[in-house]
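Asker: I am sharing model.cif, which consists of mmCIF, C-alpha atoms:
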data_my_file
loop_
_atom_site.label_atom_id
_atom_site.label_comp_id
_atom_site.auth_asym_id
_atom_site.auth_seq_id
_atom_site.Cartn_x
_atom_site.Cartn_y
_atom_site.Cartn_z
CA MET R 985 58.95 92.91 84.77
CA ASP R 986 57.43 96.37 84.53
CA LYS R 987 58.32 99.26 86.80
CA GLU R 988 57.07 102.81 87.06
CA ILE R 989 59.94 105.28 86.72
CA ALA R 990 59.34 109.02 86.40
CA GLY R 991 55.66 108.40 85.71
CA MET R 992 56.35 105.96 82.87
CA ILE R 993 55.87 102.22 82.84
CA VAL R 994 59.05 100.62 81.54
CA ALA R 995 60.39 97.06 81.31
CA VAL R 996 63.31 96.35 83.62
CA ASN R 997 65.24 93.26 84.70
CA ASP R 998 65.60 92.18 88.33
CA GLU R 999 68.63 94.43 88.82
CA GLY R 1000 66.73 97.48 87.62
CA TYR R 1001 68.32 97.79 84.17
CA LEU R 1002 65.96 98.82 81.37
CA THR R 1003 65.50 95.97 78.92
CA ASN R 1004 64.41 98.20 76.04
CA LEU R 1005 66.45 101.32 75.33
CA GLU R 1006 63.60 102.67 73.15
CA GLN R 1007 61.56 103.22 76.33
CA TRP R 1008 64.29 105.42 77.82
CA THR R 1009 63.79 109.14 78.33
CA LYS R 1010 65.99 111.74 79.97
CA GLU R 1011 63.47 111.93 82.85
CA ILE R 1012 63.85 108.18 83.43
CA GLY R 1013 67.65 108.57 83.43
CA GLU R 1014 67.34 111.41 85.89
CA ALA R 1015 65.11 109.32 88.20
CA ILE R 1016 67.48 106.31 88.15
CA ALA R 1017 70.40 108.66 88.86
CA GLY R 1018 68.41 109.93 91.84
CA GLU R 1019 68.12 106.37 93.17
CA GLU R 1020 71.94 106.16 92.92
CA ASN R 1021 72.31 109.57 94.63
CA ILE R 1022 73.84 111.09 91.54
CA ALA R 1023 72.92 114.65 90.52
CA MET R 1024 73.17 114.75 86.74
CA THR R 1025 75.24 117.50 85.09
CA GLU R 1026 76.20 118.27 81.48
CA GLN R 1027 79.29 116.05 81.92
CA HIS R 1028 77.16 113.14 83.16
CA TRP R 1029 74.85 113.37 80.14
CA LYS R 1030 77.82 113.36 77.76
CA VAL R 1031 78.88 110.00 79.24
CA ILE R 1032 75.31 108.66 79.01
CA GLU R 1033 75.05 109.67 75.33
CA PHE R 1034 78.40 108.01 74.65
CA LEU R 1035 77.29 104.76 76.30
CA GLN R 1036 73.97 104.70 74.43
CA HIS R 1037 75.70 105.41 71.13
CA ALA R 1038 78.23 102.60 71.77
CA HIS R 1039 75.44 100.22 72.72
CA ARG R 1040 73.42 101.02 69.57
CA ASN R 1041 76.53 100.24 67.50
CA SER R 1042 76.93 96.98 69.48
CA GLU R 1043 80.39 97.99 70.72
CA ALA R 1044 81.57 96.15 73.84
CA LEU R 1045 81.95 98.59 76.70
CA SER R 1046 84.88 98.59 79.07
CA ILE R 1047 86.57 101.12 81.32
CA ARG R 1048 89.49 101.08 78.89
CA SER R 1049 87.40 101.86 75.81
CA LEU R 1050 85.58 104.61 77.66
CA GLY R 1051 88.90 106.14 78.72
CA LYS R 1052 90.18 105.97 75.14
CA HIS R 1053 87.15 107.08 73.16
CA GLY R 1054 84.77 108.54 75.73
CA PRO R 1055 84.05 112.19 76.55
CA VAL R 1056 85.78 112.07 79.97
CA SER R 1057 88.95 110.54 81.41
CA ILE R 1058 88.81 107.37 83.53
CA LYS R 1059 89.57 109.46 86.61
CA GLU R 1060 86.66 111.83 85.89
CA PHE R 1061 84.40 108.87 85.14
CA TYR R 1062 85.00 107.49 88.66
CA VAL R 1063 84.32 110.93 90.13
CA LEU R 1064 81.09 111.44 88.14
CA PHE R 1065 79.66 107.99 89.00
CA PRO R 1066 81.25 106.95 92.31
CA GLY R 1067 81.16 103.28 93.36
CA GLY R 1068 80.94 101.10 90.25
CA PRO R 1069 80.85 103.73 87.48
CA LEU R 1070 80.26 101.55 84.42
CA LYS R 1071 77.41 99.67 86.07
CA LYS R 1072 75.72 102.79 87.43
CA ALA R 1073 76.16 104.81 84.24
CA SER R 1074 74.79 101.92 82.17
CA ARG R 1075 71.71 101.67 84.38
CA ILE R 1076 71.09 105.41 84.05
CA ALA R 1077 71.63 105.16 80.29
CA GLY R 1078 69.02 102.41 79.99
CA ILE R 1079 71.44 99.89 78.47
CA PRO R 1080 72.26 96.38 79.76
CA LYS R 1081 74.70 95.84 82.61
CA PRO R 1082 78.14 95.52 80.99
CA ALA R 1083 79.57 92.01 81.13
CA SER R 1084 83.15 93.20 80.79
CA CYS R 1085 85.84 92.50 83.41
CA VAL R 1086 88.00 95.45 82.43
CA MET E 610 77.30 73.31 118.31
CA SER E 611 74.16 71.40 117.42
CA GLN E 612 72.41 74.74 117.11
CA ALA E 613 74.92 75.96 114.54
CA LEU E 614 74.51 72.77 112.56
CA THR E 615 70.75 73.01 112.40
CA GLN E 616 70.76 76.68 111.44
CA PRO E 617 69.00 77.07 108.09
CA ALA E 618 71.44 77.72 105.25
CA ASP E 619 69.72 80.90 104.02
CA GLU E 620 69.96 82.52 107.45
CA THR E 621 73.71 82.02 107.39
CA LEU E 622 73.79 83.67 103.99
CA THR E 623 71.86 86.70 105.20
CA ALA E 624 74.24 87.16 108.09
CA GLN E 625 77.20 87.01 105.72
CA SER E 626 75.78 89.35 103.12
CA ASP E 627 75.89 92.20 105.62
CA GLU E 628 79.64 91.84 105.52
CA SER E 629 80.24 92.69 101.88
CA VAL E 630 83.77 93.12 100.55
CA LYS E 631 84.92 96.69 101.16
CA LYS E 632 88.57 96.51 100.25
CA MET E 633 90.88 94.12 98.40
CA LEU E 634 94.59 94.11 99.23
CA LEU E 635 96.43 92.15 96.57
CA ILE E 636 100.03 91.05 97.02
CA LEU E 637 101.84 90.39 93.74
CA SER E 638 104.96 88.32 94.30
CA LYS E 639 105.59 87.01 90.78
CA ALA E 640 106.13 88.66 87.44
CA THR E 641 105.09 86.02 84.95
CA LEU E 642 102.66 87.70 82.61
CA ASP E 643 99.69 85.50 83.58
CA ASN E 644 100.11 86.30 87.29
CA VAL E 645 100.48 90.01 86.62
CA TYR E 646 97.33 90.06 84.50
CA ALA E 647 95.37 88.08 87.08
CA CYS E 648 96.36 90.58 89.75
CA PHE E 649 95.62 93.66 87.63
CA ILE E 650 92.26 92.35 86.43
CA LEU E 651 91.19 91.55 90.00
CA ALA E 652 92.32 94.98 91.21
CA ASN E 653 90.54 96.80 88.40
CA GLY E 654 87.47 94.59 88.70
CA ALA E 655 87.17 95.51 92.36
CA ARG E 656 87.13 99.22 91.52
CA MET E 657 84.48 98.59 88.87
CA GLU E 658 82.27 97.12 91.62
CA GLY E 659 82.88 100.07 93.93
CA ILE E 660 85.33 98.11 96.10
CA GLU E 661 88.56 99.79 97.21
CA SER E 662 91.68 98.04 95.98
CA GLU E 663 95.43 98.22 96.49
CA ILE E 664 98.40 96.22 95.21
CA PHE E 665 101.61 95.52 97.13
CA PHE E 666 104.43 94.61 94.73
CA THR E 667 106.97 92.38 96.43
CA PHE E 668 109.85 90.16 95.36
CA PHE E 669 109.61 89.38 91.65
CA GLY E 670 106.29 91.16 91.52
CA LEU E 671 108.35 94.36 91.54
CA GLU E 672 109.23 93.75 87.89
CA ALA E 673 105.67 94.64 86.95
CA ILE E 674 106.34 98.23 88.08
CA THR E 675 110.01 98.43 87.08
CA LYS E 676 110.22 100.79 84.10
CA ASN E 677 112.70 98.84 81.97
CA LYS E 678 111.14 95.44 82.76
CA MET E 679 107.36 95.90 82.76
CA GLU E 680 106.87 95.62 79.00
CA ARG E 681 109.18 92.60 78.77
CA LEU E 682 107.43 90.16 81.10
CA HIS E 683 107.00 86.59 79.90
CA VAL E 684 104.71 83.61 80.22
CA ALA E 685 106.55 80.59 81.65
CA THR E 686 106.73 77.72 79.16
CA VAL E 687 108.85 75.48 81.39
CA GLY E 688 107.31 74.07 84.54
CA ASN E 689 103.86 75.20 83.46
CA PRO E 690 101.67 72.13 82.85
CA ALA E 691 98.87 74.30 81.45
CA MET E 692 101.04 74.95 78.38
CA HIS E 693 100.39 71.36 77.26
CA ILE E 694 103.73 71.07 75.53
CA PRO E 695 106.59 68.79 76.58
CA THR E 696 108.89 70.50 79.08
CA MET E 697 111.88 69.85 76.80
CA LEU E 698 110.17 71.79 74.00
CA GLY E 699 109.23 74.59 76.34
CA GLY E 700 112.91 75.13 77.03
CA LEU E 701 113.89 75.59 73.37
CA PRO E 702 115.08 79.07 72.38
CA GLY E 703 112.22 81.31 71.31
CA MET E 704 109.43 79.22 72.86
CA GLU E 705 108.84 81.62 75.73
CA ALA E 706 108.87 84.63 73.42
CA PHE E 707 106.43 82.89 71.10
CA ALA E 708 103.99 81.93 73.88
CA THR E 709 104.25 85.44 75.32
CA SER E 710 103.46 87.16 72.03
CA MET E 711 100.50 84.80 71.53
CA MET E 712 99.15 85.66 74.95
CA LYS E 713 99.59 89.40 74.42
CA LYS E 714 97.65 89.16 71.15
CA GLU E 715 94.80 87.30 72.84
CA MET E 716 94.74 89.84 75.66
CA GLU E 717 94.54 92.75 73.23
CA LYS E 718 91.55 91.07 71.55
CA LEU E 719 89.82 91.03 74.95
CA ASP E 720 90.53 94.74 75.36
CA ILE E 721 93.11 94.05 78.07
CA PRO E 722 95.94 96.59 77.80
CA PRO E 723 99.72 96.00 77.97
CA VAL E 724 101.29 96.26 81.45
CA GLY E 725 102.34 99.94 81.27
CA GLU E 726 98.95 101.11 80.01
CA PHE E 727 97.21 98.83 82.51
CA LEU E 728 99.11 100.51 85.36
CA GLU E 729 97.88 103.91 84.14
CA LEU E 730 94.33 102.56 84.02
CA LEU E 731 94.66 101.22 87.57
CA SER E 732 95.99 104.55 88.88
CA ALA E 733 93.22 106.49 87.15
CA SER E 734 90.64 104.09 88.60
CA GLY E 735 91.88 104.76 92.11
CA VAL E 736 93.84 101.55 92.74
CA ARG E 737 96.67 102.37 95.17
CA LEU E 738 100.03 100.90 94.14
CA TRP E 739 102.76 100.18 96.69
CA ALA E 740 106.30 98.87 96.29
CA CYS E 741 107.78 96.62 98.99
CA LYS E 742 110.74 98.33 100.69
CA LEU E 743 112.66 95.14 101.39
CA ALA E 744 112.30 93.84 97.83
CA LEU E 745 113.42 97.23 96.49
CA GLU E 746 116.60 96.99 98.57
CA MET E 747 117.13 93.37 97.66
CA PHE E 748 117.06 94.10 93.92
CA HIS E 749 119.13 97.32 94.40
CA LEU E 750 116.40 99.39 92.83
CA ASP E 751 115.69 103.08 93.31
CA ARG E 752 112.31 104.81 93.45
CA SER E 753 113.26 106.40 90.10
CA ASP E 754 113.50 102.93 88.51
CA LEU E 755 109.83 102.37 89.24
CA TYR E 756 106.56 103.43 87.61
CA ASP E 757 106.09 107.19 88.20
CA ASP E 758 102.55 107.15 89.57
CA LEU E 759 103.32 104.74 92.39
CA ASP E 760 101.63 105.69 95.66
CA GLY E 761 104.75 104.92 97.64
CA VAL E 762 107.15 102.43 99.17
CA LEU E 763 105.93 100.48 102.21
CA THR E 764 107.33 98.11 104.81
CA VAL E 765 105.33 94.96 105.53
CA GLY E 766 104.04 96.66 108.67
CA GLY E 767 102.97 99.66 106.66
CA PHE E 768 101.09 97.41 104.29
CA TYR E 769 99.23 95.65 107.10
CA GLU E 770 98.25 99.07 108.46
CA ARG E 771 96.30 99.50 105.24
CA ALA E 772 94.36 96.30 105.94
CA ARG E 773 92.46 97.98 108.76
CA GLY E 774 88.70 98.00 108.74
CA GLN E 775 85.93 95.47 108.34
CA GLY E 776 85.43 93.87 104.98
CA THR E 777 89.12 93.94 103.98
CA HIS E 778 90.47 90.88 102.20
CA LEU E 779 94.07 90.00 101.44
CA LEU E 780 95.07 87.92 98.45
CA PHE E 781 98.55 86.59 97.68
CA ILE E 782 99.37 86.05 94.01
#
Would you mind writing the structure in this file as structure tokens?
Answerer:
Amino acid sequence: MDKEIAGMIVAVNDEGYLTNLEQWTKEIGEAIAGEENIAMTEQHWKVIEFLQHAHRNSEALSIRSLGKHGPVSIKEFYVLFPGGPLKKASRIAGIPKPASCV
Amino acid sequence: MSQALTQPADETLTAQSDESVKKMLLILSKATLDNVYACFILANGARMEGIESEIFFTFFGLEAITKNKMERLHVATVGNPAMHIPTMLGGLPGMEAFATSMMKKEMEKLDIPPVGEFLELLSASGVRLWACKLALEMFHLDRSDLYDDLDGVLTVGGFYERARGQGTHLLFI
């Protein structure tokens, strides 16, 4: 279905995840972060870029891989995106909800 | 009674969904590798969903946080019907080591870390880790024998204290 986010019409699924990363803009990310009560900082954007890059290279995302190769530690990741960090960060990044259990 | 029976199913669901899971308290009482992984994956999975989670290591579960044991945990090949090998074979020397190394390889492929690294991941994710006081005494272990980032040693009473609050669930593994 289509949804208006930050003045743009984008395709999202029923959980509010963008279905086409090409439609993503920083403003859209910012608006979704607002819905999650997250104020984006430089650190947040570094994580978002990492997630988008991993998704474009079809790498499976997990908390472990983010902790190993990502721009922040696992501890910082939980602080930056409190309450379900991988899910929230993925939604802000405009990539699908991760299916990983770790 | 008859009223409860005729209540539409979806209304019951709505009432329940207001009571989402807030906290998982997992009790690990065994140290076979499959049990330890099940416990760790559930604890970590809870954090990933924004649910608080804690693990109470008791009896043999303590081995999963004992420094010189945690990387040497095994899968049981005897008395484990899911192995689908005759029990007599499962008891042969080397069988348990073989099954264990197979499982570790499969886990690594799924991006599931070894026990020591998994504990670090759990700590970093905010899972609180508690050792059972009685079990510690029973096995003649010291705090220094255990994983460094443990949150502490608790009595059973102390553990139940942590179960306070609505939406807390306890799970015995």
Asker: Taking a cut-off of 8 Å and counting all atoms listed in the file, can you build a table that, for each residue of chain R near chain E, reports the nearest atom pair and how far apart they are in Å (one decimal), sorted by chain then residue number, as a Markdown table?
Answerer:
| residue | atom | partner | partner_atom | distance |
| --- | --- | --- | --- | --- |
| R:Ser1046 | CA | E:Asp720 | CA | 7.8 |
| R:Arg1048 | CA | E:Leu730 | CA | 7.2 |
| R:Ser1049 | CA | E:Asp720 | CA | 7.8 |
| R:Ile1058 | CA | E:Ala733 | CA | 5.8 |
| R:Lys1059 | CA | E:Ala733 | CA | 4.7 |
| R:Tyr1062 | CA | E:Ser734 | CA | 6.6 |
| R:Pro1066 | CA | E:Gly659 | CA | 7.3 |
| R:Gly1067 | CA | E:Gly659 | CA | 3.7 |
| R:Gly1068 | CA | E:Gly659 | CA | 4.3 |
| R:Pro1069 | CA | E:Met657 | CA | 6.4 |
| R:Leu1070 | CA | E:Met657 | CA | 6.8 |
| R:Lys1071 | CA | E:Met657 | CA | 7.7 |
| R:Cys1085 | CA | E:Gly654 | CA | 5.9 |
| R:Val1086 | CA | E:Gly654 | CA | 6.4 |
Asker: Let me see the file: selected residues, C-alpha atoms, as an mmCIF file, in the coordinates of the input.
Answerer:
data_model
loop_
_atom_site.group_PDB
_atom_site.id
_atom_site.type_symbol
_atom_site.label_atom_id
_atom_site.label_comp_id
_atom_site.auth_asym_id
_atom_site.auth_seq_id
_atom_site.Cartn_x
_atom_site.Cartn_y
_atom_site.Cartn_z
ATOM 1 C CA SER R 1046 84.880 98.590 79.070
ATOM 2 C CA ARG R 1048 89.490 101.080 78.890
ATOM 3 C CA SER R 1049 87.400 101.860 75.810
ATOM 4 C CA ILE R 1058 88.810 107.370 83.530
ATOM 5 C CA LYS R 1059 89.570 109.460 86.610
ATOM 6 C CA TYR R 1062 85.000 107.490 88.660
ATOM 7 C CA PRO R 1066 81.250 106.950 92.310
ATOM 8 C CA GLY R 1067 81.160 103.280 93.360
ATOM 9 C CA GLY R 1068 80.940 101.100 90.250
ATOM 10 C CA PRO R 1069 80.850 103.730 87.480
ATOM 11 C CA LEU R 1070 80.260 101.550 84.420
ATOM 12 C CA LYS R 1071 77.410 99.670 86.070
ATOM 13 C CA CYS R 1085 85.840 92.500 83.410
ATOM 14 C CA VAL R 1086 88.000 95.450 82.430
#
Asker: Which residues are near stretch 1016-1030 of chain R? Cut-off 10 Å, all atoms listed in the file, ignore same chain within fewer than 3 positions. Put them as a PyMOL selection string.
Answerer: chain R and resi 989-990+1000-1001+1010-1013+1033-1035+1054-1056+1060-1061+1064-1067+1072-1073+1075-1078
Asker: Can you write just those residues out, C-alpha atoms, as a tab-separated table (two decimals), in the frame of the given file?
Answerer:
chain	number	residue	atom	x	y	z
R	989	ILE	CA	59.94	105.28	86.72
R	990	ALA	CA	59.34	109.02	86.40
R	1000	GLY	CA	66.73	97.48	87.62
R	1001	TYR	CA	68.32	97.79	84.17
R	1010	LYS	CA	65.99	111.74	79.97
R	1011	GLU	CA	63.47	111.93	82.85
R	1012	ILE	CA	63.85	108.18	83.43
R	1013	GLY	CA	67.65	108.57	83.43
R	1033	GLU	CA	75.05	109.67	75.33
R	1034	PHE	CA	78.40	108.01	74.65
R	1035	LEU	CA	77.29	104.76	76.30
R	1054	GLY	CA	84.77	108.54	75.73
R	1055	PRO	CA	84.05	112.19	76.55
R	1056	VAL	CA	85.78	112.07	79.97
R	1060	GLU	CA	86.66	111.83	85.89
R	1061	PHE	CA	84.40	108.87	85.14
R	1064	LEU	CA	81.09	111.44	88.14
R	1065	PHE	CA	79.66	107.99	89.00
R	1066	PRO	CA	81.25	106.95	92.31
R	1067	GLY	CA	81.16	103.28	93.36
R	1072	LYS	CA	75.72	102.79	87.43
R	1073	ALA	CA	76.16	104.81	84.24
R	1075	ARG	CA	71.71	101.67	84.38
R	1076	ILE	CA	71.09	105.41	84.05
R	1077	ALA	CA	71.63	105.16	80.29
R	1078	GLY	CA	69.02	102.41	79.99
Asker: Write out as a ChimeraX atom specification each polymer residue whose atoms come within 10 Å of stretch 991-996 of chain R, counting only C-alpha atoms; drop sequence neighbours fewer than 3 positions from it.
Answerer: /R:985-988,999-1009,1011-1012,1015,1075,1078,1080
Asker: Separation of atom CA of E:Thr709 and atom CA of E:Phe669, in Å?
Answerer: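 Calculated distance between atom CA of E:Thr709 and atom CA of E:Phe669 is 17.6 Å.
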Asker: Given the file shown, enumerate the residues that the PyMOL selection byres ((chain E and resi 678) around 12) captures and present them as number ranges by chain.
Answerer: E: 640-642, 669-677, 679-683, 724-725, 754-756
Asker: Write the selection just made, keeping C-alpha atoms, as a JSON list (two decimals), keeping the file's coordinate frame?
Answerer:
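Just written: result_1.json:
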[["chain", "number", "residue", "atom", "x", "y", "z"],
["E", 640, "ALA", "CA", 106.13, 88.66, 87.44],
["E", 641, "THR", "CA", 105.09, 86.02, 84.95],
["E", 642, "LEU", "CA", 102.66, 87.70, 82.61],
["E", 669, "PHE", "CA", 109.61, 89.38, 91.65],
["E", 670, "GLY", "CA", 106.29, 91.16, 91.52],
["E", 671, "LEU", "CA", 108.35, 94.36, 91.54],
["E", 672, "GLU", "CA", 109.23, 93.75, 87.89],
["E", 673, "ALA", "CA", 105.67, 94.64, 86.95],
["E", 674, "ILE", "CA", 106.34, 98.23, 88.08],
["E", 675, "THR", "CA", 110.01, 98.43, 87.08],
["E", 676, "LYS", "CA", 110.22, 100.79, 84.10],
["E", 677, "ASN", "CA", 112.70, 98.84, 81.97],
["E", 679, "MET", "CA", 107.36, 95.90, 82.76],
["E", 680, "GLU", "CA", 106.87, 95.62, 79.00],
["E", 681, "ARG", "CA", 109.18, 92.60, 78.77],
["E", 682, "LEU", "CA", 107.43, 90.16, 81.10],
["E", 683, "HIS", "CA", 107.00, 86.59, 79.90],
["E", 724, "VAL", "CA", 101.29, 96.26, 81.45],
["E", 725, "GLY", "CA", 102.34, 99.94, 81.27],
["E", 754, "ASP", "CA", 113.50, 102.93, 88.51],
["E", 755, "LEU", "CA", 109.83, 102.37, 89.24],
["E", 756, "TYR", "CA", 106.56, 103.43, 87.61]]
Asker: Would you please work out which residue, of E:Leu779, E:Ala708, E:Ala740, E:Leu745, is nearest to E:Leu759 when using only C-alpha atoms?
Answerer: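 For E:Leu759, the nearest of the given residues is E:Ala740.
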Asker: What is the atom CA of R:Ser1074-atom CA of E:Pro723 distance in Å, reported with one decimal?
Answerer: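 It comes out at 26.0 Å.
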Asker: Leaving out E:Trp739 and any residue of its chain fewer than 6 positions from it, which residues lie within 8 Å of it when counting all atoms listed in the file, given as a list in words?
Answerer: Glu663, Ile664, Phe665, Phe666, Leu759, Asp760, Gly761, Val762 and Leu763 of chain E
Asker: Could you jot down the atom CA of E:Ala744 to atom CA of E:Ile636 separation for me, Å, one decimal place?
Answerer: 12.6 Å
Asker: Can you fill out stretch 650-659 of chain E with all heavy atoms and hand it back as a PDB file, in the coordinates of the input?
Answerer:
ATOM      1  N   ILE E 650      93.685  92.480  86.775  1.00  0.00           N
ATOM      2  CA  ILE E 650      92.260  92.350  86.430  1.00  0.00           C
ATOM      3  C   ILE E 650      91.413  92.293  87.701  1.00  0.00           C
ATOM      4  O   ILE E 650      90.347  92.912  87.785  1.00  0.00           O
ATOM      5  CB  ILE E 650      92.033  91.122  85.518  1.00  0.00           C
ATOM      6  CG1 ILE E 650      92.659  91.389  84.138  1.00  0.00           C
ATOM      7  CG2 ILE E 650      90.540  90.819  85.359  1.00  0.00           C
ATOM      8  CD1 ILE E 650      92.809  90.162  83.268  1.00  0.00           C
ATOM      9  N   LEU E 651      91.908  91.607  88.715  1.00  0.00           N
ATOM     10  CA  LEU E 651      91.190  91.550  90.000  1.00  0.00           C
ATOM     11  C   LEU E 651      91.146  92.933  90.661  1.00  0.00           C
ATOM     12  O   LEU E 651      90.115  93.334  91.208  1.00  0.00           O
ATOM     13  CB  LEU E 651      91.855  90.544  90.939  1.00  0.00           C
ATOM     14  CG  LEU E 651      91.603  89.073  90.609  1.00  0.00           C
ATOM     15  CD1 LEU E 651      92.579  88.183  91.367  1.00  0.00           C
ATOM     16  CD2 LEU E 651      90.171  88.691  90.940  1.00  0.00           C
ATOM     17  N   ALA E 652      92.267  93.654  90.586  1.00  0.00           N
ATOM     18  CA  ALA E 652      92.320  94.980  91.210  1.00  0.00           C
ATOM     19  C   ALA E 652      91.366  95.939  90.506  1.00  0.00           C
ATOM     20  O   ALA E 652      90.588  96.656  91.140  1.00  0.00           O
ATOM     21  CB  ALA E 652      93.749  95.527  91.156  1.00  0.00           C
ATOM     22  N   ASN E 653      91.407  95.924  89.181  1.00  0.00           N
ATOM     23  CA  ASN E 653      90.540  96.800  88.400  1.00  0.00           C
ATOM     24  C   ASN E 653      89.069  96.391  88.551  1.00  0.00           C
ATOM     25  O   ASN E 653      88.190  97.246  88.696  1.00  0.00           O
ATOM     26  CB  ASN E 653      90.960  96.749  86.934  1.00  0.00           C
ATOM     27  CG  ASN E 653      90.094  97.615  86.063  1.00  0.00           C
ATOM     28  OD1 ASN E 653      90.051  98.821  86.226  1.00  0.00           O
ATOM     29  ND2 ASN E 653      89.346  96.994  85.170  1.00  0.00           N
ATOM     30  N   GLY E 654      88.836  95.088  88.555  1.00  0.00           N
ATOM     31  CA  GLY E 654      87.470  94.590  88.700  1.00  0.00           C
ATOM     32  C   GLY E 654      86.848  95.004  90.017  1.00  0.00           C
ATOM     33  O   GLY E 654      85.658  95.306  90.090  1.00  0.00           O
ATOM     34  N   ALA E 655      87.672  95.058  91.058  1.00  0.00           N
ATOM     35  CA  ALA E 655      87.170  95.510  92.360  1.00  0.00           C
ATOM     36  C   ALA E 655      86.697  96.955  92.266  1.00  0.00           C
ATOM     37  O   ALA E 655      85.601  97.289  92.697  1.00  0.00           O
ATOM     38  CB  ALA E 655      88.274  95.375  93.417  1.00  0.00           C
ATOM     39  N   ARG E 656      87.497  97.807  91.663  1.00  0.00           N
ATOM     40  CA  ARG E 656      87.130  99.220  91.520  1.00  0.00           C
ATOM     41  C   ARG E 656      85.834  99.359  90.722  1.00  0.00           C
ATOM     42  O   ARG E 656      85.001 100.192  91.010  1.00  0.00           O
ATOM     43  CB  ARG E 656      88.248 100.018  90.836  1.00  0.00           C
ATOM     44  CG  ARG E 656      89.529 100.143  91.624  1.00  0.00           C
ATOM     45  CD  ARG E 656      89.351 100.878  92.933  1.00  0.00           C
ATOM     46  NE  ARG E 656      88.823 102.221  92.742  1.00  0.00           N
ATOM     47  CZ  ARG E 656      87.839 102.741  93.463  1.00  0.00           C
ATOM     48  NH1 ARG E 656      87.268 102.031  94.416  1.00  0.00           N
ATOM     49  NH2 ARG E 656      87.421 103.967  93.245  1.00  0.00           N
ATOM     50  N   MET E 657      85.683  98.519  89.706  1.00  0.00           N
ATOM     51  CA  MET E 657      84.480  98.590  88.870  1.00  0.00           C
ATOM     52  C   MET E 657      83.224  98.241  89.671  1.00  0.00           C
ATOM     53  O   MET E 657      82.124  98.613  89.305  1.00  0.00           O
ATOM     54  CB  MET E 657      84.606  97.647  87.670  1.00  0.00           C
ATOM     55  CG  MET E 657      85.553  98.167  86.613  1.00  0.00           C
ATOM     56  SD  MET E 657      85.804  96.982  85.292  1.00  0.00           S
ATOM     57  CE  MET E 657      84.252  97.110  84.410  1.00  0.00           C
ATOM     58  N   GLU E 658      83.408  97.488  90.762  1.00  0.00           N
ATOM     59  CA  GLU E 658      82.270  97.120  91.620  1.00  0.00           C
ATOM     60  C   GLU E 658      82.146  98.067  92.810  1.00  0.00           C
ATOM     61  O   GLU E 658      81.373  97.809  93.731  1.00  0.00           O
ATOM     62  CB  GLU E 658      82.449  95.681  92.135  1.00  0.00           C
ATOM     63  CG  GLU E 658      82.472  94.622  91.057  1.00  0.00           C
ATOM     64  CD  GLU E 658      81.181  94.585  90.248  1.00  0.00           C
ATOM     65  OE1 GLU E 658      80.099  94.701  90.836  1.00  0.00           O
ATOM     66  OE2 GLU E 658      81.255  94.463  89.013  1.00  0.00           O
ATOM     67  N   GLY E 659      82.954  99.113  92.821  1.00  0.00           N
ATOM     68  CA  GLY E 659      82.880 100.070  93.930  1.00  0.00           C
ATOM     69  C   GLY E 659      83.629  99.600  95.161  1.00  0.00           C
ATOM     70  O   GLY E 659      83.401 100.095  96.260  1.00  0.00           O
TER      71      GLY E 659
END
